[in-house]
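See below for upload31.cif, which holds mmCIF, C-alpha atoms.
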data_coords
loop_
_atom_site.label_atom_id
_atom_site.label_comp_id
_atom_site.auth_asym_id
_atom_site.auth_seq_id
_atom_site.Cartn_x
_atom_site.Cartn_y
_atom_site.Cartn_z
CA MET A 947 42.43 -29.77 27.32
CA PRO A 948 43.85 -33.06 28.70
CA GLY A 949 42.77 -34.20 32.14
CA LEU A 950 39.47 -32.34 32.05
CA ASN A 951 36.21 -34.17 31.80
CA LEU A 952 33.17 -32.71 30.04
CA ARG A 953 31.74 -31.33 33.25
CA ASP A 954 34.93 -29.39 34.01
CA GLU A 955 34.97 -27.95 30.53
CA ASP A 956 31.37 -26.86 30.92
CA GLU A 957 32.15 -25.20 34.22
CA LEU A 958 35.19 -23.49 32.79
CA ALA A 959 33.17 -22.19 29.84
CA ALA A 960 30.38 -21.04 32.16
CA GLY A 961 32.91 -19.18 34.30
CA LEU A 962 34.41 -17.40 31.30
CA VAL A 963 31.00 -16.55 29.89
CA PHE A 964 29.86 -15.28 33.29
CA THR A 965 32.86 -12.93 33.43
CA VAL A 966 32.11 -11.55 29.98
CA VAL A 967 28.42 -11.09 30.86
CA THR A 968 29.20 -9.16 34.06
CA ASN A 969 31.68 -6.94 32.21
CA VAL A 970 29.09 -6.17 29.55
CA LEU A 971 26.48 -5.46 32.24
CA ALA A 972 28.84 -3.02 33.97
CA ASP A 973 29.32 -1.22 30.69
CA VAL A 974 25.63 -1.13 29.77
CA ILE A 975 24.05 -0.37 33.14
CA GLY A 976 26.92 1.62 34.61
CA GLU A 977 29.64 0.62 37.06
CA ASP A 978 28.28 2.94 39.79
CA TYR A 979 24.92 1.28 39.98
CA LEU A 980 26.29 -2.20 39.55
CA SER A 981 28.82 -1.81 42.36
CA MET A 982 25.90 -1.84 44.81
CA ILE A 983 24.80 -5.29 43.67
CA GLU A 984 26.62 -8.59 43.82
CA ILE A 985 25.93 -10.41 40.58
CA GLY A 986 25.54 -14.18 40.60
CA PRO A 987 23.73 -16.76 38.50
CA GLU A 988 20.53 -16.14 40.48
CA THR A 989 20.55 -12.37 39.89
CA SER A 990 17.36 -11.36 38.10
CA PHE A 991 17.61 -8.85 35.26
CA GLN A 992 14.31 -7.29 36.19
CA ALA A 993 13.89 -7.61 39.96
CA ASP A 994 17.55 -7.16 40.97
CA LEU A 995 19.19 -5.18 38.19
CA GLU A 996 16.06 -3.23 37.17
CA ILE A 997 17.29 -3.47 33.62
CA GLU A 998 15.51 -1.36 31.01
CA SER A 999 14.38 -2.93 27.75
CA ILE A 1000 16.75 -0.66 25.82
CA GLU A 1001 19.63 -1.82 28.05
CA LEU A 1002 18.77 -5.44 27.40
CA ILE A 1003 19.09 -4.74 23.67
CA ALA A 1004 22.43 -2.97 24.18
CA MET A 1005 23.61 -5.95 26.23
CA GLY A 1006 22.55 -8.32 23.44
CA GLU A 1007 24.44 -6.21 20.89
CA GLN A 1008 27.64 -6.29 22.95
CA LEU A 1009 27.34 -9.99 23.70
CA GLN A 1010 26.84 -10.57 19.97
CA GLU A 1011 30.33 -9.22 19.42
CA ALA A 1012 31.81 -11.54 22.04
CA PHE A 1013 29.79 -14.65 21.12
CA ALA A 1014 29.20 -14.61 17.39
CA HIS A 1015 27.64 -18.08 17.44
CA VAL A 1016 24.58 -16.94 19.40
CA ASP A 1017 21.85 -14.90 17.67
CA PHE A 1018 20.79 -12.72 20.59
CA ALA A 1019 18.25 -10.65 18.65
CA ALA A 1020 16.49 -13.80 17.46
CA TRP A 1021 16.63 -15.31 20.95
CA LEU A 1022 15.15 -12.21 22.62
CA SER A 1023 12.46 -11.94 19.98
CA THR A 1024 11.25 -15.51 20.67
CA MET A 1025 10.70 -14.72 24.36
CA GLU A 1026 7.47 -13.45 25.81
CA MET A 1027 7.67 -10.39 28.04
CA ASP A 1028 7.11 -12.47 31.22
CA GLU A 1029 9.98 -14.78 30.25
CA ILE A 1030 12.26 -11.79 29.76
CA ILE A 1031 11.16 -10.39 33.12
CA ALA A 1032 11.86 -13.72 34.83
CA MET A 1033 15.29 -14.19 33.21
CA ARG A 1034 18.32 -14.57 35.48
CA VAL A 1035 21.99 -14.05 34.71
CA GLY A 1036 22.52 -17.84 34.98
CA ASP A 1037 19.87 -18.46 32.28
CA LEU A 1038 21.73 -16.20 29.89
CA VAL A 1039 25.08 -17.86 30.67
CA ASP A 1040 23.52 -21.32 30.15
CA HIS A 1041 22.05 -20.25 26.84
CA ILE A 1042 25.42 -18.99 25.59
CA VAL A 1043 27.31 -22.05 26.85
CA HIS A 1044 24.84 -24.55 25.42
CA THR A 1045 24.23 -22.96 22.02
CA ALA A 1046 25.90 -25.18 19.46
CA GLY A 1047 29.03 -24.01 17.67
CA GLY A 1048 30.36 -22.13 20.66
CA GLN A 1049 33.98 -21.02 20.83
CA PRO A 1050 35.78 -19.81 23.91
CA PRO A 1051 35.03 -16.10 24.29
CA VAL A 1052 38.64 -15.14 24.89
CA GLY A 1053 40.34 -14.03 21.71
CA SER A 1054 37.17 -14.66 19.73
CA GLU A 1055 37.80 -13.47 16.21
CA ALA A 1056 34.48 -14.43 14.67
CA ARG A 1057 33.29 -10.83 14.75
CA ASP A 1058 31.55 -9.45 11.75
CA GLY A 1059 30.65 -5.92 10.94
CA MET B 1387 26.68 -2.21 15.43
CA ALA B 1388 25.96 0.27 18.16
CA ASP B 1389 27.10 3.86 17.96
CA LEU B 1390 27.18 6.16 14.93
CA CYS B 1391 28.26 9.77 15.10
CA VAL B 1392 26.11 11.89 12.79
CA ARG B 1393 25.81 15.70 12.75
CA GLY B 1394 27.89 15.86 15.93
CA VAL B 1395 25.56 13.56 17.86
CA ARG B 1396 26.19 9.95 18.88
CA PHE B 1397 23.25 7.77 17.87
CA ASN B 1398 22.42 4.32 19.19
CA VAL B 1399 21.80 2.29 16.04
CA VAL B 1400 20.77 -1.35 15.77
CA ARG B 1401 20.91 -3.01 12.39
CA LEU B 1402 19.22 -6.35 12.02
CA GLY B 1403 19.90 -8.30 8.89
CA SER B 1404 18.07 -11.11 7.20
CA SER B 1405 19.83 -14.33 8.12
CA SER B 1406 18.65 -16.03 4.95
CA GLU B 1407 20.03 -19.51 5.83
CA THR B 1408 17.55 -19.93 8.67
CA GLN B 1409 14.57 -18.41 6.88
CA PRO B 1410 12.24 -20.03 4.36
CA PRO B 1411 12.84 -18.85 0.78
CA ASP B 1412 11.34 -15.42 0.17
CA PRO B 1413 9.76 -14.96 -3.28
CA TYR B 1414 9.89 -11.15 -2.86
CA ARG B 1415 13.54 -11.00 -1.81
CA ASP B 1416 14.85 -9.07 -4.79
CA GLY B 1417 12.04 -6.53 -4.63
CA ARG B 1418 12.59 -5.51 -1.02
CA CYS B 1419 13.94 -2.17 0.21
CA PRO B 1420 15.67 -1.63 3.54
CA VAL B 1421 13.28 -0.75 6.37
CA VAL B 1422 13.94 1.96 8.94
CA PHE B 1423 11.91 2.21 12.14
CA LEU B 1424 11.17 5.58 13.77
CA HIS B 1425 9.91 5.58 17.35
CA GLY B 1426 7.79 8.08 19.28
CA LEU B 1427 8.49 11.10 21.49
CA ILE B 1428 10.04 11.40 24.99
CA MET B 1429 9.20 8.12 26.75
CA ASP B 1430 9.91 6.00 23.68
CA ASN B 1431 13.02 4.47 22.14
CA LEU B 1432 13.92 1.78 19.63
CA SER B 1433 12.90 -1.01 22.03
CA SER B 1434 9.19 -0.51 21.26
CA PHE B 1435 9.78 -1.74 17.71
CA TYR B 1436 12.63 -4.12 18.61
CA TYR B 1437 10.31 -6.21 20.79
CA THR B 1438 7.30 -6.03 18.45
CA VAL B 1439 7.42 -5.63 14.67
CA ALA B 1440 11.15 -5.45 13.90
CA PRO B 1441 12.08 -9.17 14.18
CA ALA B 1442 9.46 -10.22 11.59
CA VAL B 1443 10.68 -7.49 9.23
CA ALA B 1444 14.36 -8.29 9.88
CA ALA B 1445 13.68 -11.89 8.85
CA LYS B 1446 12.94 -10.53 5.36
CA THR B 1447 15.12 -7.52 4.77
CA ASP B 1448 17.86 -5.18 5.93
CA THR B 1449 16.41 -3.44 8.99
CA VAL B 1450 17.60 -0.36 10.88
CA LEU B 1451 16.42 0.87 14.26
CA PHE B 1452 17.85 3.89 16.03
CA ASP B 1453 17.14 6.06 19.06
CA LEU B 1454 16.19 9.58 17.98
CA ARG B 1455 18.41 12.35 19.33
CA GLY B 1456 17.71 12.91 23.01
CA HIS B 1457 16.07 9.49 23.36
CA GLY B 1458 17.03 6.02 24.56
CA ARG B 1459 20.80 5.47 24.43
CA SER B 1460 21.52 8.22 21.92
CA ASP B 1461 23.10 11.48 23.06
CA ARG B 1462 20.81 14.13 24.52
CA PRO B 1463 22.20 17.40 23.14
CA PRO B 1464 20.65 20.68 24.35
CA ASN B 1465 19.30 21.55 20.91
CA GLY B 1466 18.57 20.37 17.38
CA TYR B 1467 15.03 19.10 17.92
CA ARG B 1468 13.22 20.69 14.99
CA ILE B 1469 11.39 18.19 12.79
CA GLU B 1470 13.80 19.16 10.00
CA ASP B 1471 16.67 18.07 12.28
CA GLY B 1472 14.96 14.72 12.67
CA VAL B 1473 14.91 14.35 8.88
CA ASP B 1474 18.57 15.38 8.57
CA ASP B 1475 19.52 12.95 11.35
CA LEU B 1476 17.69 10.15 9.54
CA VAL B 1477 19.35 10.89 6.21
CA GLY B 1478 22.74 11.28 7.93
CA ILE B 1479 22.36 7.87 9.55
CA LEU B 1480 21.39 6.27 6.22
CA ASP B 1481 24.44 7.89 4.60
CA ALA B 1482 26.71 6.68 7.40
CA LEU B 1483 25.34 3.16 6.94
CA GLY B 1484 25.93 3.35 3.19
CA ILE B 1485 22.22 2.95 2.43
CA ASP B 1486 21.66 5.19 -0.59
CA GLU B 1487 18.65 3.45 -2.10
CA PRO B 1488 15.16 4.59 -1.03
CA VAL B 1489 13.89 2.97 2.19
CA HIS B 1490 10.56 2.10 3.71
CA LEU B 1491 9.88 4.05 6.90
CA VAL B 1492 7.82 2.36 9.60
CA ALA B 1493 7.01 5.03 12.14
CA ASN B 1494 5.05 5.37 15.35
CA SER B 1495 3.44 8.60 16.59
CA PHE B 1496 6.13 11.36 16.56
CA GLY B 1497 8.23 9.06 14.35
CA GLY B 1498 5.44 9.58 11.83
CA THR B 1499 5.89 13.35 12.11
CA ILE B 1500 9.49 12.86 11.00
CA ALA B 1501 8.56 10.30 8.34
CA LEU B 1502 6.04 12.67 6.74
CA ALA B 1503 8.57 15.50 6.76
CA ALA B 1504 11.21 13.16 5.29
CA ALA B 1505 8.89 12.11 2.47
CA LEU B 1506 8.23 15.79 1.67
CA ARG B 1507 11.80 17.09 2.05
CA ARG B 1508 13.80 14.11 0.79
CA PRO B 1509 11.39 12.15 -1.44
CA GLU B 1510 14.32 10.47 -3.20
CA ARG B 1511 15.19 8.65 0.04
CA VAL B 1512 11.70 7.38 0.89
CA ALA B 1513 10.21 4.44 -1.02
CA GLY B 1514 7.12 4.18 1.16
CA MET B 1515 5.72 4.69 4.64
CA VAL B 1516 3.76 2.83 7.26
CA LEU B 1517 2.48 5.46 9.66
CA ILE B 1518 1.22 4.09 12.95
CA GLU B 1519 -0.76 6.69 14.90
CA ALA B 1520 1.24 9.42 13.17
CA HIS B 1521 1.11 13.01 14.40
CA PRO B 1522 1.27 15.24 11.34
CA ALA B 1523 2.78 18.61 12.27
CA PHE B 1524 -0.25 20.62 11.22
CA THR B 1525 -0.26 24.28 12.30
CA GLY B 1526 -0.43 24.51 16.10
CA TRP B 1527 0.78 20.96 16.65
CA GLY B 1528 3.99 22.06 18.42
CA ASP B 1529 2.03 24.11 20.97
CA GLU B 1530 -0.43 21.30 21.53
CA ILE B 1531 2.23 18.65 22.14
CA MET B 1532 4.38 20.87 24.39
CA GLU B 1533 1.35 21.81 26.47
CA ASP B 1534 0.68 18.11 27.13
CA LEU B 1535 4.33 17.49 27.96
CA SER B 1536 4.57 20.49 30.28
CA ASP B 1537 1.52 19.20 32.16
CA LEU B 1538 3.19 15.81 32.47
CA VAL B 1539 6.45 17.27 33.79
CA SER B 1540 4.75 19.63 36.26
CA GLY B 1541 3.08 16.53 37.72
CA PHE B 1542 6.53 15.34 38.87
CA ASP B 1543 6.80 18.42 41.12
CA ASP B 1544 4.33 17.06 43.65
CA PRO B 1545 6.34 16.64 46.90
CA GLY B 1546 5.04 13.09 47.41
CA ILE B 1547 6.14 12.11 43.93
CA ARG B 1548 9.55 13.78 44.40
CA ASP B 1549 10.08 11.78 47.63
CA TYR B 1550 9.05 8.55 45.96
CA LEU B 1551 11.36 9.20 43.02
CA ALA B 1552 14.27 10.08 45.32
CA GLN B 1553 13.87 7.12 47.64
CA GLU B 1554 12.05 4.03 46.44
CA ALA B 1555 11.27 4.38 42.75
CA PRO B 1556 12.93 1.79 40.52
CA ARG B 1557 15.91 3.03 38.54
CA THR B 1558 13.96 2.61 35.29
CA LEU B 1559 11.26 5.04 36.43
CA ARG B 1560 13.79 7.56 37.74
CA ARG B 1561 15.59 7.45 34.41
CA MET B 1562 12.36 7.92 32.49
CA VAL B 1563 11.41 10.97 34.55
CA GLN B 1564 14.92 12.39 34.17
CA THR B 1565 14.80 12.01 30.37
CA CYS B 1566 11.40 13.63 30.28
CA GLU B 1567 12.46 16.60 32.40
CA ASP B 1568 15.70 17.08 30.49
CA LEU B 1569 13.95 17.12 27.14
CA VAL B 1570 10.94 19.19 28.11
CA THR B 1571 12.45 21.72 30.50
CA VAL B 1572 16.20 21.79 29.78
CA SER B 1573 16.63 21.19 26.05
CA SER B 1574 15.31 23.46 23.32
CA MET B 1575 12.85 20.79 22.20
CA GLY B 1576 9.76 22.89 22.97
CA ASP B 1577 11.00 25.92 21.05
CA ASP B 1578 12.35 23.71 18.27
CA LEU B 1579 9.12 21.80 17.75
CA ARG B 1580 7.14 25.05 17.73
CA ALA B 1581 9.59 26.56 15.25
CA SER B 1582 9.48 23.56 12.92
CA GLN B 1583 7.97 23.95 9.51
CA PRO B 1584 4.32 22.87 9.73
CA THR B 1585 3.06 20.10 7.47
CA ASP B 1586 0.81 21.70 4.89
CA PRO B 1587 -2.07 19.34 3.99
CA ASP B 1588 -1.94 20.69 0.43
CA ARG B 1589 1.69 19.65 0.08
CA LEU B 1590 0.81 16.13 1.15
CA ALA B 1591 -1.02 15.88 -2.19
CA THR B 1592 2.39 15.98 -3.88
CA LEU B 1593 3.57 12.79 -2.15
CA SER B 1594 4.03 9.92 -4.54
CA CYS B 1595 5.23 7.13 -2.23
CA PRO B 1596 2.82 4.36 -1.18
CA THR B 1597 1.51 4.96 2.34
CA LEU B 1598 -0.27 2.75 4.83
CA LEU B 1599 -1.98 4.46 7.77
CA LEU B 1600 -2.68 2.42 10.91
CA TYR B 1601 -4.76 3.99 13.68
CA GLY B 1602 -6.65 2.73 16.72
CA GLU B 1603 -10.41 3.01 16.70
CA ASN B 1604 -10.36 4.95 19.98
CA SER B 1605 -7.30 7.07 19.21
CA ASP B 1606 -7.49 10.67 20.40
CA ILE B 1607 -5.95 11.73 17.07
CA ILE B 1608 -8.15 9.66 14.77
CA ASP B 1609 -9.20 12.90 13.02
CA ARG B 1610 -5.60 13.20 11.67
CA ALA B 1611 -5.98 9.74 10.12
CA TYR B 1612 -8.84 10.93 7.94
CA VAL B 1613 -7.02 14.11 6.92
CA LEU B 1614 -3.95 12.08 5.93
CA GLU B 1615 -6.07 9.53 4.08
CA GLU B 1616 -7.70 12.31 2.10
CA SER B 1617 -4.50 14.30 1.47
CA ILE B 1618 -1.94 11.62 0.54
CA PRO B 1619 -2.61 10.19 -2.91
CA GLY B 1620 -3.45 6.48 -2.75
CA ALA B 1621 -3.01 6.26 1.04
CA GLU B 1622 -4.67 3.24 2.58
CA LEU B 1623 -6.18 3.59 6.08
CA VAL B 1624 -6.71 0.68 8.44
CA VAL B 1625 -8.52 1.41 11.73
CA VAL B 1626 -7.89 -1.29 14.33
CA ASP B 1627 -10.82 -2.16 16.59
CA GLY B 1628 -10.61 -1.54 20.31
CA CYS B 1629 -7.23 0.22 20.27
CA SER B 1630 -6.14 3.70 21.36
CA HIS B 1631 -3.13 5.85 20.39
CA ALA B 1632 -1.03 3.09 22.03
CA LEU B 1633 -1.95 0.77 19.13
CA LEU B 1634 1.57 -0.64 18.73
CA MET B 1635 1.66 -1.76 22.38
CA GLU B 1636 -1.99 -2.80 22.55
CA ASN B 1637 -2.04 -5.01 19.46
CA PRO B 1638 1.52 -5.66 18.25
CA LYS B 1639 0.52 -8.83 16.35
CA GLU B 1640 -2.06 -6.97 14.27
CA VAL B 1641 0.46 -4.22 13.50
CA GLU B 1642 3.12 -6.80 12.61
CA GLY B 1643 0.73 -8.60 10.26
CA ARG B 1644 -0.32 -5.37 8.55
CA VAL B 1645 3.26 -4.12 8.20
CA THR B 1646 4.70 -7.37 6.81
CA ALA B 1647 1.78 -7.87 4.38
CA TRP B 1648 2.19 -4.29 3.14
CA LEU B 1649 5.96 -4.76 2.72
CA ASP B 1650 5.28 -7.97 0.73
CA ASP B 1651 2.85 -6.06 -1.50
CA GLN B 1652 5.38 -3.30 -2.13
CA ALA B 1653 8.12 -5.82 -2.94
CA GLY B 1654 5.74 -7.60 -5.30
CA VAL B 1655 4.97 -4.35 -7.09
CA ALA B 1656 8.69 -3.51 -7.33
CA LEU B 1657 9.43 -6.95 -8.77
CA SER B 1658 6.70 -6.80 -11.37
CA ARG B 1659 7.88 -3.31 -12.43
CA GLY B 1660 11.47 -4.55 -12.61
CA ILE B 1661 10.46 -7.51 -14.75
CA GLY B 1662 8.30 -5.26 -16.93
CA ALA B 1663 11.20 -2.89 -17.50
CA GLY B 1664 13.54 -5.78 -18.24
CA ILE B 1665 15.71 -4.95 -15.22
CA ARG B 1666 15.84 -8.49 -13.92
#

Render the structure in this file as structure tokens.
Amino acid sequence: MPGLNLRDEDELAAGLVFTVVTNVLADVIGEDYLSMIEIGPETSFQADLEIESIELIAMGEQLQEAFAHVDFAAWLSTMEMDEIIAMRVGDLVDHIVHTAGGQPPVGSEARDG
Amino acid sequence: MADLCVRGVRFNVVRLGSSSETQPPDPYRDGRCPVVFLHGLIMDNLSSFYYTVAPAVAAKTDTVLFDLRGHGRSDRPPNGYRIEDGVDDLVGILDALGIDEPVHLVANSFGGTIALAAALRRPERVAGMVLIEAHPAFTGWGDEIMEDLSDLVSGFDDPGIRDYLAQEAPRTLRRMVQTCEDLVTVSSMGDDLRASQPTDPDRLATLSCPTLLLYGENSDIIDRAYVLEESIPGAELVVVDGCSHALLMENPKEVEGRVTAWLDDQAGVALSRGIGAGIR
């Protein structure tokens, strides 16, 4: 993209990823509940969204379809419970943006299975 | 992979594969069967294995986790909760996934009830079992379990608890209570479990699949461990020090180590048989 420096590209990617993450969250947790909360990078999965462990897995599964380059199951399994509890939406977005081999989420065709 | 419709019910299914590029070479690779995890009753779902034993197993072989009917993110139909239904659901899910070879079942508590029934009813689909704190459905088991669950649910009727649930309780707790009440008081689970075919200890003697039994030293159902050990030919029992019925949550690393070592052993046996028979 001409005229954009690396920082802009990063911000653009983070914005796109953030949109996908919030859409997935609405689907997994339910639009009704989510409409009461404004989601931002600082939103905590545990303290703010009260996400259940089974919902976190469902979120990972859906994100896997959007971002094939990130192994969400492996990433979650390396985390201790207190790390998962402390995780914020921004941490997840950063992880997706900074995992090597990333492609823009829009029109991603690297979906298997 | 998320939803599979089987026997008219939508099941939440997670399939984890071995990503062999990132794993060290596995000498047992060609001897491994797929592994299916079966979770416990009411408060449980596939997350209890997903966050504990499943990743280590998935690093080695094709791995399937699913929420039992009425549990987790699977549908909660009003009926179909007999143990035999659990077996048919399991087989239906394997069929839908195209897994027709025998699988290893790794099961916790009520999951073990289903695993035992599966091994008896559909032995051709079960290569082996790891039963963690399994509840065999011996005569009277359905009454016993539903009595405990009814006590639990009637506890929610305390006005103070109702107020707390309605006003300040976290969403996760409200959901858990709702699931529990739906299953115990609304669905036919109680009648279905009582009407299920009991597990006859004598029939367990006909099982031919390798079985590992893992129980906590302080488990309230440790007596079942000894009956299973005696009844299932060749069953190996490991009693883990200092743990209760919640063994999987109390000592996940020990369970993971026991499960993966047992799966390696089984794969080794399968390989040596294959080589002996000139299959490979």

Distance filter 10 Å, all atoms listed in the file, chain A against chain B, as an MDAnalysis selection string: chainID A and resid 974 979 992:993 995:1004 1007:1008 1010:1011 1017 1019:1020 1022:1027 1058:1059

Residue IDs satisfying the PyMOL selection byres ((chain B and resi 1471-1478) around 10), as a PyMOL selection string: chain B and resi 1390-1395+1397+1422+1424+1452+1454-1455+1465-1470+1479-1486+1497+1499-1508+1511-1512+1578+1582

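For the file at hand, the PyMOL selection byres ((chain B and resi 1640) around 12) resolves to Thr1438, Val1439, Ile1518, Leu1600, Tyr1601, Gly1602, Val1624, Val1625, Val1626, Asp1627, Gly1628, Cys1629, Leu1633, Leu1634, Met1635, Glu1636, Asn1637, Pro1638, Lys1639, Val1641, Glu1642, Gly1643, Arg1644, Val1645, Thr1646 and Ala1647 of chain B.
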
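The spacing separating atom CA of Ser1630 of chain B from atom CA of Asn1604 of chain B amounts to 4.6 Å.
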
The PyMOL selection byres ((chain B and resi 1426) around 6) applied to the shown file, residues as an MDAnalysis selection string: chainID B and resid 1425 1427 1430 1494:1497

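Note that atom CA of Gly986 of chain A and atom CA of Ile1031 of chain A are 16.6 Å apart.
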
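Interatomic distance, atom CA of Glu1554 of chain B to atom CA of Gly976 of chain A: 19.2 Å.
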
Distance query Ile1428 of chain B at most 10 Å, only C-alpha atoms, self and fewer than 5 positions along chain excluded, as a count of residues only: 14

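Distances from B:Ile1547, B:Leu1491, B:Met1429, B:Cys1595 to Val1443 of chain B were compared using all atoms listed in the file, and the smallest one belongs to B:Leu1491.
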
Surrounding residues of Val1516 of chain B excluding itself and chain neighbours under 2 positions, 7 Å, only C-alpha atoms, as an NGL selection string: :B and (1491-1493 or 1518 or 1597-1599)

Taking C-alpha atoms for each residue, export the selection above as an mmCIF file, keeping the file's coordinate frame.
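The new file out00.cif reads:
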data_model
loop_
_atom_site.group_PDB
_atom_site.id
_atom_site.type_symbol
_atom_site.label_atom_id
_atom_site.label_comp_id
_atom_site.auth_asym_id
_atom_site.auth_seq_id
_atom_site.Cartn_x
_atom_site.Cartn_y
_atom_site.Cartn_z
ATOM 1 C CA LEU B 1491 9.880 4.050 6.900
ATOM 2 C CA VAL B 1492 7.820 2.360 9.600
ATOM 3 C CA ALA B 1493 7.010 5.030 12.140
ATOM 4 C CA ILE B 1518 1.220 4.090 12.950
ATOM 5 C CA THR B 1597 1.510 4.960 2.340
ATOM 6 C CA LEU B 1598 -0.270 2.750 4.830
ATOM 7 C CA LEU B 1599 -1.980 4.460 7.770
#

Who sits within 12 Å of Ala1621 of chain B, all atoms listed in the file, same chain under 5 positions skipped, as a list in words: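 That gives Gly1514, Met1515, Val1516, Leu1517, Leu1590, Ala1591, Leu1593, Ser1594, Cys1595, Pro1596, Thr1597, Leu1598, Leu1599, Leu1600, Ala1611, Tyr1612, Val1613, Leu1614, Glu1615, Glu1616 and Trp1648 of chain B.
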
Subset file as a JSON list (two decimals), in the first residue's frame: segment 972-1009 of chain A, C-alpha atoms:
[["chain", "number", "residue", "atom", "x", "y", "z"],
["A", 972, "ALA", "CA", -20.91, -11.13, 19.57],
["A", 973, "ASP", "CA", -21.61, -14.47, 17.95],
["A", 974, "VAL", "CA", -20.11, -16.57, 20.73],
["A", 975, "ILE", "CA", -21.31, -14.68, 23.80],
["A", 976, "GLY", "CA", -24.53, -13.33, 22.35],
["A", 977, "GLU", "CA", -25.39, -9.91, 20.96],
["A", 978, "ASP", "CA", -27.83, -9.16, 23.82],
["A", 979, "TYR", "CA", -25.26, -9.46, 26.53],
["A", 980, "LEU", "CA", -22.54, -7.79, 24.53],
["A", 981, "SER", "CA", -24.66, -4.76, 23.72],
["A", 982, "MET", "CA", -24.40, -3.76, 27.38],
["A", 983, "ILE", "CA", -20.62, -3.56, 27.20],
["A", 984, "GLU", "CA", -18.40, -1.34, 25.11],
["A", 985, "ILE", "CA", -15.51, -3.45, 23.88],
["A", 986, "GLY", "CA", -12.07, -1.91, 23.57],
["A", 987, "PRO", "CA", -8.49, -3.13, 23.71],
["A", 988, "GLU", "CA", -8.55, -2.91, 27.52],
["A", 989, "THR", "CA", -11.68, -5.06, 27.89],
["A", 990, "SER", "CA", -10.88, -8.10, 30.00],
["A", 991, "PHE", "CA", -12.27, -11.46, 28.89],
["A", 992, "GLN", "CA", -12.79, -12.55, 32.46],
["A", 993, "ALA", "CA", -13.56, -9.45, 34.53],
["A", 994, "ASP", "CA", -15.57, -7.53, 31.90],
["A", 995, "LEU", "CA", -16.99, -10.11, 29.53],
["A", 996, "GLU", "CA", -17.29, -12.92, 32.11],
["A", 997, "ILE", "CA", -16.37, -15.31, 29.35],
["A", 998, "GLU", "CA", -16.76, -19.02, 30.04],
["A", 999, "SER", "CA", -13.94, -21.41, 29.24],
["A", 1000, "ILE", "CA", -16.14, -23.17, 26.68],
["A", 1001, "GLU", "CA", -16.85, -19.80, 25.01],
["A", 1002, "LEU", "CA", -13.15, -19.04, 24.82],
["A", 1003, "ILE", "CA", -12.68, -22.32, 22.94],
["A", 1004, "ALA", "CA", -15.57, -21.50, 20.59],
["A", 1005, "MET", "CA", -14.02, -18.07, 19.99],
["A", 1006, "GLY", "CA", -10.67, -19.70, 19.19],
["A", 1007, "GLU", "CA", -12.37, -22.07, 16.74],
["A", 1008, "GLN", "CA", -14.08, -19.20, 14.90],
["A", 1009, "LEU", "CA", -10.96, -17.06, 14.87]]
